[in-house]
Amino acid sequence: MELTRCSRCGAFYANTGYVCSKCSDQDNFELSTFKKYVEENGVELKSLSEISTYTGISEKNLNRFLDYDGLEGYKKFLKEL
Ligand SMILES: [Zn+2]
């Protein structure tokens with residue numbers, strides 16, 4: 001059985017997904033907050049730290065979200081502005 005380390009809490013877990021089952025609700029919630037923010041405000045000329053300030057999501061987690069399926073498009077706007 002292959003174990004993955006949860007990128008939110010550091011615990012090892014065996015299920016698939018980006019984070020462990022304990023963290024997945026919070027992760028999904030922050031992901032949808034991030035998506036909603038981008039849909040409403042656009043990503044041009046915004047840095048991750050600015051988005052972090054507005055959404056309350058840590059830059060570390062925002063960085064992870066950029067690697068999630070479906071968010072590739074955000075990446076080119078949000079890198080190191
Ligand atoms: Zn976790």
# chains A, B, ... in the order shown; residues from 1 in each chain; ligands from 1

call {"tool": "residues_around", "arguments": {"residues": "segment 57-73 of chain A", "least_positions_apart": "3", "cutoff": "9 Å", "atoms": "only C-alpha atoms", "output": "MDAnalysis selection string"}}
result
chainID A and resid 7:8 18 27 30:31 33:35 48:49 51:54 76:78

call {"tool": "closest_atom_pairs", "arguments": {"of": "chain A", "to": "ligand 1", "cutoff": "12 Å", "atoms": "only C-alpha atoms and all ligand atoms", "output": "CSV"}}
result
residue,atom,partner,partner_atom_place_in_ligand_line,distance
A:Thr4,CA,ligand 1,1 (Zn),10.1
A:Arg5,CA,ligand 1,1 (Zn),8.0
A:Cys6,CA,ligand 1,1 (Zn),4.7
A:Ser7,CA,ligand 1,1 (Zn),6.6
A:Arg8,CA,ligand 1,1 (Zn),5.0
A:Cys9,CA,ligand 1,1 (Zn),4.1
A:Gly10,CA,ligand 1,1 (Zn),6.0
A:Ala11,CA,ligand 1,1 (Zn),5.6
A:Phe12,CA,ligand 1,1 (Zn),7.8
A:Tyr13,CA,ligand 1,1 (Zn),8.1
A:Ala14,CA,ligand 1,1 (Zn),11.4
A:Asn15,CA,ligand 1,1 (Zn),11.3
A:Gly17,CA,ligand 1,1 (Zn),10.7
A:Tyr18,CA,ligand 1,1 (Zn),9.2
A:Val19,CA,ligand 1,1 (Zn),5.4
A:Cys20,CA,ligand 1,1 (Zn),4.3
A:Ser21,CA,ligand 1,1 (Zn),6.7
A:Lys22,CA,ligand 1,1 (Zn),5.5
A:Cys23,CA,ligand 1,1 (Zn),4.4
A:Ser24,CA,ligand 1,1 (Zn),7.3
A:Asp25,CA,ligand 1,1 (Zn),10.0
A:Gln26,CA,ligand 1,1 (Zn),9.5
A:Asp27,CA,ligand 1,1 (Zn),9.1

call {"tool": "select_by_dssp", "arguments": {"residues": "segment 3-67 of chain A", "states": "strand (DSSP E or B)", "output": "count of residues only"}}
result
4

call {"tool": "atom_distance", "arguments": {"atom1": "atom CA of Thr55 of chain A", "atom2": "atom CA of Tyr37 of chain A"}}
result
7.5 Å
